[in-house]
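Peer 1: What follows is the file target15.cif, containing mmCIF, C-alpha atoms, pLDDT in the B column; chains and numbers go by the auth columns:
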data_model
#
loop_
_atom_site.group_PDB
_atom_site.id
_atom_site.type_symbol
_atom_site.label_atom_id
_atom_site.label_comp_id
_atom_site.label_asym_id
_atom_site.label_seq_id
_atom_site.Cartn_x
_atom_site.Cartn_y
_atom_site.Cartn_z
_atom_site.B_iso_or_equiv
_atom_site.auth_seq_id
_atom_site.auth_asym_id
ATOM 1 C CA MET A 1 39.714 -86.348 -37.479 39.00 1 X
ATOM 2 C CA PHE A 2 37.367 -84.441 -35.204 44.00 2 X
ATOM 3 C CA LYS A 3 33.611 -84.167 -35.140 47.00 3 X
ATOM 4 C CA PHE A 4 32.132 -80.860 -36.157 46.00 4 X
ATOM 5 C CA ASN A 5 29.643 -79.130 -33.961 52.00 5 X
ATOM 6 C CA ALA A 6 26.245 -78.610 -35.576 57.00 6 X
ATOM 7 C CA GLN A 7 26.845 -74.863 -35.225 81.00 7 X
ATOM 8 C CA VAL A 8 29.566 -74.913 -37.897 93.00 8 X
ATOM 9 C CA SER A 9 28.077 -74.202 -41.321 94.00 9 X
ATOM 10 C CA ASP A 10 28.565 -76.618 -44.193 94.00 10 X
ATOM 11 C CA ALA A 11 30.563 -74.024 -46.152 96.00 11 X
ATOM 12 C CA VAL A 12 32.975 -73.514 -43.244 96.00 12 X
ATOM 13 C CA LYS A 13 33.259 -77.297 -42.639 95.00 13 X
ATOM 14 C CA LYS A 14 34.120 -77.841 -46.302 97.00 14 X
ATOM 15 C CA THR A 15 36.680 -75.017 -46.354 97.00 15 X
ATOM 16 C CA ALA A 16 38.281 -76.199 -43.080 97.00 16 X
ATOM 17 C CA LYS A 17 38.422 -79.875 -44.092 97.00 17 X
ATOM 18 C CA PRO A 18 41.988 -79.712 -45.557 97.00 18 X
ATOM 19 C CA LEU A 19 43.185 -78.446 -42.151 97.00 19 X
ATOM 20 C CA GLU A 20 41.416 -80.955 -39.924 95.00 20 X
ATOM 21 C CA ASN A 21 44.432 -83.254 -39.541 95.00 21 X
ATOM 22 C CA ILE A 22 47.262 -80.690 -39.628 96.00 22 X
ATOM 23 C CA SER A 23 49.287 -80.830 -36.394 96.00 23 X
ATOM 24 C CA TYR A 24 51.489 -77.775 -37.060 97.00 24 X
ATOM 25 C CA ALA A 25 51.038 -74.235 -38.395 97.00 25 X
ATOM 26 C CA GLU A 26 52.924 -71.958 -40.753 96.00 26 X
ATOM 27 C CA SER A 27 53.368 -68.222 -41.184 94.00 27 X
ATOM 28 C CA SER A 28 52.067 -66.608 -44.369 91.00 28 X
ATOM 29 C CA HIS A 29 55.398 -67.094 -46.160 90.00 29 X
ATOM 30 C CA ILE A 30 57.764 -70.004 -45.579 94.00 30 X
ATOM 31 C CA GLY A 31 61.060 -71.395 -46.745 91.00 31 X
ATOM 32 C CA ALA A 32 64.216 -69.624 -47.820 89.00 32 X
ATOM 33 C CA GLY A 33 62.428 -68.288 -50.912 89.00 33 X
ATOM 34 C CA GLY A 34 59.455 -66.945 -49.001 90.00 34 X
ATOM 35 C CA GLU A 35 56.867 -69.105 -50.755 94.00 35 X
ATOM 36 C CA GLN A 36 53.249 -68.594 -49.764 93.00 36 X
ATOM 37 C CA SER A 37 52.067 -71.143 -47.217 95.00 37 X
ATOM 38 C CA LYS A 38 49.239 -73.353 -48.479 96.00 38 X
ATOM 39 C CA ILE A 39 48.182 -74.127 -44.901 97.00 39 X
ATOM 40 C CA TYR A 40 48.041 -70.453 -43.916 96.00 40 X
ATOM 41 C CA ASN A 41 46.224 -69.523 -47.130 96.00 41 X
ATOM 42 C CA GLN A 42 43.669 -72.267 -46.539 97.00 42 X
ATOM 43 C CA PHE A 43 42.970 -70.878 -43.084 97.00 43 X
ATOM 44 C CA LYS A 44 42.585 -67.361 -44.513 96.00 44 X
ATOM 45 C CA LYS A 45 39.775 -68.793 -46.685 97.00 45 X
ATOM 46 C CA VAL A 46 38.189 -70.237 -43.540 98.00 46 X
ATOM 47 C CA SER A 47 38.516 -66.962 -41.621 96.00 47 X
ATOM 48 C CA LYS A 48 36.858 -64.982 -44.419 96.00 48 X
ATOM 49 C CA ILE A 49 33.626 -66.978 -44.090 97.00 49 X
ATOM 50 C CA ALA A 50 33.710 -68.203 -40.471 97.00 50 X
ATOM 51 C CA THR A 51 31.813 -66.470 -37.706 97.00 51 X
ATOM 52 C CA ASN A 52 33.472 -65.831 -34.353 97.00 52 X
ATOM 53 C CA ASP A 53 31.420 -68.708 -32.909 96.00 53 X
ATOM 54 C CA GLU A 54 32.799 -71.076 -35.543 97.00 54 X
ATOM 55 C CA LEU A 55 36.362 -69.863 -34.919 97.00 55 X
ATOM 56 C CA TYR A 56 35.882 -70.346 -31.185 97.00 56 X
ATOM 57 C CA TYR A 57 34.718 -73.913 -31.823 96.00 57 X
ATOM 58 C CA PHE A 58 37.838 -74.607 -33.919 97.00 58 X
ATOM 59 C CA ALA A 59 40.104 -72.946 -31.329 97.00 59 X
ATOM 60 C CA MET A 60 38.771 -75.308 -28.671 96.00 60 X
ATOM 61 C CA ASN A 61 38.196 -78.489 -30.712 95.00 61 X
ATOM 62 C CA GLY A 62 40.066 -78.342 -34.018 95.00 62 X
ATOM 63 C CA SER A 63 43.381 -79.695 -35.198 97.00 63 X
ATOM 64 C CA ASN A 64 46.470 -77.948 -33.842 97.00 64 X
ATOM 65 C CA ALA A 65 46.582 -75.725 -36.944 97.00 65 X
ATOM 66 C CA LEU A 66 42.918 -74.755 -36.530 98.00 66 X
ATOM 67 C CA LYS A 67 43.343 -74.200 -32.780 98.00 67 X
ATOM 68 C CA LEU A 68 46.249 -71.804 -33.237 98.00 68 X
ATOM 69 C CA TYR A 69 44.999 -69.924 -36.308 98.00 69 X
ATOM 70 C CA SER A 70 41.467 -69.608 -34.893 98.00 70 X
ATOM 71 C CA GLY A 71 42.780 -68.375 -31.553 98.00 71 X
ATOM 72 C CA LYS A 72 44.884 -65.728 -33.284 98.00 72 X
ATOM 73 C CA GLU A 73 41.934 -64.692 -35.438 98.00 73 X
ATOM 74 C CA LEU A 74 39.677 -64.301 -32.395 98.00 74 X
ATOM 75 C CA PHE A 75 42.298 -61.951 -30.925 98.00 75 X
ATOM 76 C CA LYS A 76 42.456 -59.903 -34.141 98.00 76 X
ATOM 77 C CA ARG A 77 38.659 -59.662 -34.129 97.00 77 X
ATOM 78 C CA ASN A 78 38.792 -58.469 -30.510 97.00 78 X
ATOM 79 C CA ASP A 79 36.591 -61.373 -29.375 97.00 79 X
ATOM 80 C CA LYS A 80 36.841 -61.736 -25.592 97.00 80 X
ATOM 81 C CA ARG A 81 36.698 -65.546 -25.920 98.00 81 X
ATOM 82 C CA PHE A 82 40.333 -65.291 -27.009 98.00 82 X
ATOM 83 C CA LEU A 83 41.055 -65.132 -23.269 98.00 83 X
ATOM 84 C CA ASP A 84 39.215 -68.450 -22.754 97.00 84 X
ATOM 85 C CA VAL A 85 41.346 -70.028 -25.470 98.00 85 X
ATOM 86 C CA TYR A 86 44.529 -68.632 -23.911 98.00 86 X
ATOM 87 C CA THR A 87 43.452 -69.807 -20.447 97.00 87 X
ATOM 88 C CA LEU A 88 42.765 -73.348 -21.711 97.00 88 X
ATOM 89 C CA TYR A 89 46.183 -73.738 -23.325 97.00 89 X
ATOM 90 C CA SER A 90 47.897 -72.121 -20.338 96.00 90 X
ATOM 91 C CA LYS A 91 46.295 -74.634 -17.961 95.00 91 X
ATOM 92 C CA LYS A 92 46.611 -77.592 -20.337 95.00 92 X
ATOM 93 C CA PRO A 93 49.691 -76.908 -22.462 95.00 93 X
ATOM 94 C CA LEU A 94 49.551 -78.262 -25.986 96.00 94 X
ATOM 95 C CA LYS A 95 52.927 -78.146 -27.678 97.00 95 X
ATOM 96 C CA MET A 96 53.097 -77.826 -31.457 97.00 96 X
ATOM 97 C CA GLU A 97 55.435 -76.702 -34.205 97.00 97 X
ATOM 98 C CA TYR A 98 55.159 -73.414 -36.051 97.00 98 X
ATOM 99 C CA VAL A 99 57.121 -72.689 -39.227 96.00 99 X
ATOM 100 C CA LEU A 100 58.049 -69.005 -39.436 92.00 100 X
ATOM 101 C CA GLY A 101 59.891 -68.256 -42.662 91.00 101 X
ATOM 102 C CA CYS A 102 62.611 -70.871 -42.822 92.00 102 X
ATOM 103 C CA THR A 103 62.772 -71.617 -39.098 95.00 103 X
ATOM 104 C CA THR A 104 60.636 -73.942 -37.001 95.00 104 X
ATOM 105 C CA ASP A 105 59.705 -73.235 -33.402 95.00 105 X
ATOM 106 C CA SER A 106 58.076 -75.654 -31.005 97.00 106 X
ATOM 107 C CA LYS A 107 56.142 -74.423 -27.981 97.00 107 X
ATOM 108 C CA ASN A 108 52.780 -74.308 -26.262 97.00 108 X
ATOM 109 C CA ILE A 109 49.843 -72.810 -28.185 98.00 109 X
ATOM 110 C CA ALA A 110 49.382 -70.253 -25.380 97.00 110 X
ATOM 111 C CA GLU A 111 52.935 -68.989 -26.001 97.00 111 X
ATOM 112 C CA PHE A 112 52.243 -68.576 -29.729 97.00 112 X
ATOM 113 C CA LEU A 113 49.039 -66.680 -28.892 98.00 113 X
ATOM 114 C CA LYS A 114 50.960 -64.401 -26.527 97.00 114 X
ATOM 115 C CA ASP A 115 53.533 -63.789 -29.305 97.00 115 X
ATOM 116 C CA GLU A 116 50.705 -62.603 -31.561 97.00 116 X
ATOM 117 C CA VAL A 117 49.508 -60.161 -28.900 98.00 117 X
ATOM 118 C CA SER A 118 53.076 -58.883 -28.424 97.00 118 X
ATOM 119 C CA ALA A 119 53.574 -58.298 -32.170 96.00 119 X
ATOM 120 C CA ALA A 120 50.206 -56.584 -32.719 97.00 120 X
ATOM 121 C CA PRO A 121 51.176 -53.021 -31.667 97.00 121 X
ATOM 122 C CA GLN A 122 53.824 -52.865 -34.407 96.00 122 X
ATOM 123 C CA TYR A 123 51.296 -53.741 -37.114 95.00 123 X
ATOM 124 C CA ILE A 124 48.679 -51.395 -35.686 96.00 124 X
ATOM 125 C CA SER A 125 51.154 -48.523 -35.398 95.00 125 X
ATOM 126 C CA LEU A 126 52.344 -48.985 -38.985 93.00 126 X
ATOM 127 C CA ARG A 127 48.731 -49.255 -40.201 94.00 127 X
ATOM 128 C CA ASP A 128 47.789 -46.048 -38.407 93.00 128 X
ATOM 129 C CA GLN A 129 50.835 -44.191 -39.792 91.00 129 X
ATOM 130 C CA LEU A 130 50.007 -45.342 -43.318 90.00 130 X
ATOM 131 C CA LEU A 131 46.385 -44.263 -42.921 89.00 131 X
ATOM 132 C CA LYS A 132 47.471 -40.774 -41.767 88.00 132 X
ATOM 133 C CA ASN A 133 49.728 -40.345 -44.792 82.00 133 X
ATOM 134 C CA ASN A 134 47.376 -39.023 -47.472 70.00 134 X
ATOM 135 C CA LYS A 135 50.012 -39.304 -50.206 68.00 135 X
ATOM 136 C CA ARG A 136 50.437 -43.084 -50.053 70.00 136 X
ATOM 137 C CA ASP A 137 52.741 -44.453 -52.680 85.00 137 X
ATOM 138 C CA GLU A 138 52.429 -47.971 -54.105 88.00 138 X
ATOM 139 C CA VAL A 139 54.654 -49.410 -51.364 89.00 139 X
ATOM 140 C CA GLY A 140 52.522 -47.810 -48.669 88.00 140 X
ATOM 141 C CA LYS A 141 49.317 -49.060 -50.302 88.00 141 X
ATOM 142 C CA THR A 142 50.759 -52.559 -50.521 90.00 142 X
ATOM 143 C CA GLN A 143 51.849 -52.490 -46.865 91.00 143 X
ATOM 144 C CA LEU A 144 48.417 -51.294 -45.770 91.00 144 X
ATOM 145 C CA ARG A 145 46.699 -54.011 -47.814 91.00 145 X
ATOM 146 C CA GLN A 146 48.986 -56.689 -46.324 90.00 146 X
ATOM 147 C CA ILE A 147 48.376 -55.492 -42.760 93.00 147 X
ATOM 148 C CA LYS A 148 44.631 -55.637 -43.327 91.00 148 X
ATOM 149 C CA GLU A 149 44.941 -59.089 -44.927 90.00 149 X
ATOM 150 C CA MET A 150 46.752 -60.229 -41.775 91.00 150 X
ATOM 151 C CA GLY A 151 43.634 -59.280 -39.841 92.00 151 X
ATOM 152 C CA TYR A 152 44.757 -55.959 -38.381 94.00 152 X
ATOM 153 C CA GLY A 153 42.104 -53.789 -40.018 92.00 153 X
ATOM 154 C CA LYS A 154 40.225 -52.682 -36.914 93.00 154 X
ATOM 155 C CA LEU A 155 42.099 -53.699 -33.757 95.00 155 X
ATOM 156 C CA THR A 156 43.399 -50.713 -31.767 96.00 156 X
ATOM 157 C CA GLU A 157 46.423 -50.267 -29.519 95.00 157 X
ATOM 158 C CA GLU A 158 44.010 -49.794 -26.602 97.00 158 X
ATOM 159 C CA ASP A 159 42.376 -53.162 -27.403 97.00 159 X
ATOM 160 C CA VAL A 160 45.825 -54.774 -27.265 97.00 160 X
ATOM 161 C CA ARG A 161 46.712 -53.051 -23.966 97.00 161 X
ATOM 162 C CA LEU A 162 43.537 -54.430 -22.381 98.00 162 X
ATOM 163 C CA VAL A 163 44.238 -57.951 -23.658 98.00 163 X
ATOM 164 C CA LYS A 164 47.826 -57.770 -22.353 98.00 164 X
ATOM 165 C CA LYS A 165 46.516 -56.824 -18.892 97.00 165 X
ATOM 166 C CA ASP A 166 44.108 -59.760 -18.964 97.00 166 X
ATOM 167 C CA LEU A 167 46.875 -62.153 -20.049 97.00 167 X
ATOM 168 C CA GLU A 168 49.019 -60.967 -17.118 97.00 168 X
ATOM 169 C CA LYS A 169 46.137 -61.705 -14.740 96.00 169 X
ATOM 170 C CA ILE A 170 45.671 -65.185 -16.239 96.00 170 X
ATOM 171 C CA ASP A 171 49.411 -65.880 -15.967 95.00 171 X
ATOM 172 C CA GLN A 172 49.479 -64.701 -12.328 94.00 172 X
ATOM 173 C CA LYS A 173 46.609 -67.069 -11.440 89.00 173 X
ATOM 174 C CA GLN A 174 48.537 -69.957 -13.052 79.00 174 X
ATOM 175 C CA ASN A 175 51.652 -69.318 -10.922 72.00 175 X
#
For this file, write the structure as structure tokens.
Peer 2:
Amino acid sequence: MFKFNAQVSDAVKKTAKPLENISYAESSHIGAGGEQSKIYNQFKKVSKIATNDELYYFAMNGSNALKLYSGKELFKRNDKRFLDVYTLYSKKPLKMEYVLGCTTDSKNIAEFLKDEVSAAPQYISLRDQLLKNNKRDEVGKTQLRQIKEMGYGKLTEEDVRLVKKDLEKIDQKQN
């Protein structure tokens, strides 16, 4: 268990409590049947009410699940402190497991954060194409809703390009 900073509101503390001892993370859907992840869904509740400051606190001080999810969320919100989170876990690697569908991967949090940055342009491109298409069918509407639920409502491809450049600089300093 970790101590909460006084800057984290009671509502966010209460919502994050089920995640405070979780040492791994999961994608939105897991298992062979694609069941919804309870861990991921709990974090989505946290992210809906948490400020960027609260997410930054969790990214630096939370359980492994909170560190990873909060770091990813800071990226999606285009918060520059995402780079601080990435730098920390690049300098001081923290290995954890991540369940993606029915497979489990184990690597450093910084690598998982970089994976999120690498995947972002695909979501943003699809979102932008769906928004341009005025005659959205139900499938298109569902895809757009899911992309926004994933946190890709406002991030732009230019935002991602800038973050990628900064990550390269951080990686070069490490080597």
Peer 1: Going by the chain IDs and residue numbers used in this file, which residues fall under the PyMOL selection byres ((chain X and resi 147-158) around 7)? Write them as a PDB file with C-alpha atoms, in the coordinates of the input.
Peer 2:
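Done, and the output landed in result-v3.pdb:
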ATOM      1  CA  LYS X  76      42.456 -59.903 -34.141  1.00 98.00           C
ATOM      2  CA  ARG X  77      38.659 -59.662 -34.129  1.00 97.00           C
ATOM      3  CA  ASN X  78      38.792 -58.469 -30.510  1.00 97.00           C
ATOM      4  CA  PRO X 121      51.176 -53.021 -31.667  1.00 97.00           C
ATOM      5  CA  TYR X 123      51.296 -53.741 -37.114  1.00 95.00           C
ATOM      6  CA  ILE X 124      48.679 -51.395 -35.686  1.00 96.00           C
ATOM      7  CA  ARG X 127      48.731 -49.255 -40.201  1.00 94.00           C
ATOM      8  CA  GLN X 143      51.849 -52.490 -46.865  1.00 91.00           C
ATOM      9  CA  LEU X 144      48.417 -51.294 -45.770  1.00 91.00           C
ATOM     10  CA  ARG X 145      46.699 -54.011 -47.814  1.00 91.00           C
ATOM     11  CA  GLN X 146      48.986 -56.689 -46.324  1.00 90.00           C
ATOM     12  CA  ASP X 159      42.376 -53.162 -27.403  1.00 97.00           C
ATOM     13  CA  VAL X 160      45.825 -54.774 -27.265  1.00 97.00           C
ATOM     14  CA  ARG X 161      46.712 -53.051 -23.966  1.00 97.00           C
ATOM     15  CA  LEU X 162      43.537 -54.430 -22.381  1.00 98.00           C
TER      16      LEU X 162
END
Peer 1: I'd like to know which of X:Gln7, X:Asp137, X:Gln172, X:His29 is closest to Tyr57 (chain X), using only C-alpha atoms.
Peer 2: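 Counting only C-alpha atoms, the residue closest to Tyr57 (chain X) is X:Gln7.
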Peer 1: Quick one: distance from CA of Ser23 (chain X) to CA of Asp79 (chain X) in Å, one decimal?
Peer 2: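 Separation of CA of Ser23 (chain X) and CA of Asp79 (chain X): 24.3 Å.
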Peer 1: Can you tell me how far CA of Leu19 (chain X) sits from CA of Tyr40 (chain X), in Å to one decimal?
Peer 2: 9.5 Å
Peer 1: How many Å separate CA of Lys13 (chain X) from CA of Lys44 (chain X)?
Peer 2: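 Value for the CA of Lys13 (chain X)-CA of Lys44 (chain X) distance: 13.8 Å.
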Peer 1: With distances taken over all atoms listed in the file, which of X:Lys92, X:Leu126, X:Tyr86, X:Gly101 is nearest to Leu167 (chain X)?
Peer 2: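 Closest to Leu167 (chain X), using all atoms listed in the file: X:Tyr86.
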Peer 1: From the set X:Asp53, X:Glu97, X:Glu116, X:Asp166, which residue has the shortest atom-to-atom contact distance to Ile22 (chain X), counting only C-alpha atoms?
Peer 2: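 Distance minimum relative to Ile22 (chain X) lands on X:Glu97.
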Peer 1: Using only C-alpha atoms for the distances, tell me which of X:Gly140, X:Leu74, X:Lys165, X:Ala16 is nearest to Asp128 (chain X).
Peer 2: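 That would be X:Gly140, the residue with the smallest distance to Asp128 (chain X).
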Peer 1: With all atoms listed in the file as the atoms that count, which of X:Pro18, X:Tyr24, X:Arg136, X:Leu113 lies nearest to Val99 (chain X)?
Peer 2: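 Using all atoms listed in the file, the shortest distance to Val99 (chain X) belongs to X:Tyr24.
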Peer 1: Mind telling me what the PyMOL selection byres ((chain X and resi 47) around 10) catches here, as number ranges by chain?
Peer 2: X: 12, 15-16, 41-46, 48-52, 54-55, 69-70, 73-74, 151
Peer 1: Using all atoms listed in the file, find the one residue out of X:Leu83, X:Leu131, X:Leu88, X:Cys102 that sits nearest to Gly33 (chain X).
Peer 2: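 Among X:Leu83, X:Leu131, X:Leu88, X:Cys102, it is X:Cys102 that comes nearest to Gly33 (chain X).
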Peer 1: Pull out every residue that the PyMOL selection byres ((chain X and resi 103-108) around 12) matches in the shown coordinates and put them as a ChimeraX atom specification.
Peer 2: /X:23-27,29-32,34,64,67-68,86-102,109-115
Peer 1: Could those selected residues go to a file with C-alpha atoms, as an mmCIF file, keeping the file's coordinate frame?
Peer 2:
data_model
loop_
_atom_site.group_PDB
_atom_site.id
_atom_site.type_symbol
_atom_site.label_atom_id
_atom_site.label_comp_id
_atom_site.auth_asym_id
_atom_site.auth_seq_id
_atom_site.Cartn_x
_atom_site.Cartn_y
_atom_site.Cartn_z
ATOM 1 C CA SER X 23 49.287 -80.830 -36.394
ATOM 2 C CA TYR X 24 51.489 -77.775 -37.060
ATOM 3 C CA ALA X 25 51.038 -74.235 -38.395
ATOM 4 C CA GLU X 26 52.924 -71.958 -40.753
ATOM 5 C CA SER X 27 53.368 -68.222 -41.184
ATOM 6 C CA HIS X 29 55.398 -67.094 -46.160
ATOM 7 C CA ILE X 30 57.764 -70.004 -45.579
ATOM 8 C CA GLY X 31 61.060 -71.395 -46.745
ATOM 9 C CA ALA X 32 64.216 -69.624 -47.820
ATOM 10 C CA GLY X 34 59.455 -66.945 -49.001
ATOM 11 C CA ASN X 64 46.470 -77.948 -33.842
ATOM 12 C CA LYS X 67 43.343 -74.200 -32.780
ATOM 13 C CA LEU X 68 46.249 -71.804 -33.237
ATOM 14 C CA TYR X 86 44.529 -68.632 -23.911
ATOM 15 C CA THR X 87 43.452 -69.807 -20.447
ATOM 16 C CA LEU X 88 42.765 -73.348 -21.711
ATOM 17 C CA TYR X 89 46.183 -73.738 -23.325
ATOM 18 C CA SER X 90 47.897 -72.121 -20.338
ATOM 19 C CA LYS X 91 46.295 -74.634 -17.961
ATOM 20 C CA LYS X 92 46.611 -77.592 -20.337
ATOM 21 C CA PRO X 93 49.691 -76.908 -22.462
ATOM 22 C CA LEU X 94 49.551 -78.262 -25.986
ATOM 23 C CA LYS X 95 52.927 -78.146 -27.678
ATOM 24 C CA MET X 96 53.097 -77.826 -31.457
ATOM 25 C CA GLU X 97 55.435 -76.702 -34.205
ATOM 26 C CA TYR X 98 55.159 -73.414 -36.051
ATOM 27 C CA VAL X 99 57.121 -72.689 -39.227
ATOM 28 C CA LEU X 100 58.049 -69.005 -39.436
ATOM 29 C CA GLY X 101 59.891 -68.256 -42.662
ATOM 30 C CA CYS X 102 62.611 -70.871 -42.822
ATOM 31 C CA ILE X 109 49.843 -72.810 -28.185
ATOM 32 C CA ALA X 110 49.382 -70.253 -25.380
ATOM 33 C CA GLU X 111 52.935 -68.989 -26.001
ATOM 34 C CA PHE X 112 52.243 -68.576 -29.729
ATOM 35 C CA LEU X 113 49.039 -66.680 -28.892
ATOM 36 C CA LYS X 114 50.960 -64.401 -26.527
ATOM 37 C CA ASP X 115 53.533 -63.789 -29.305
#
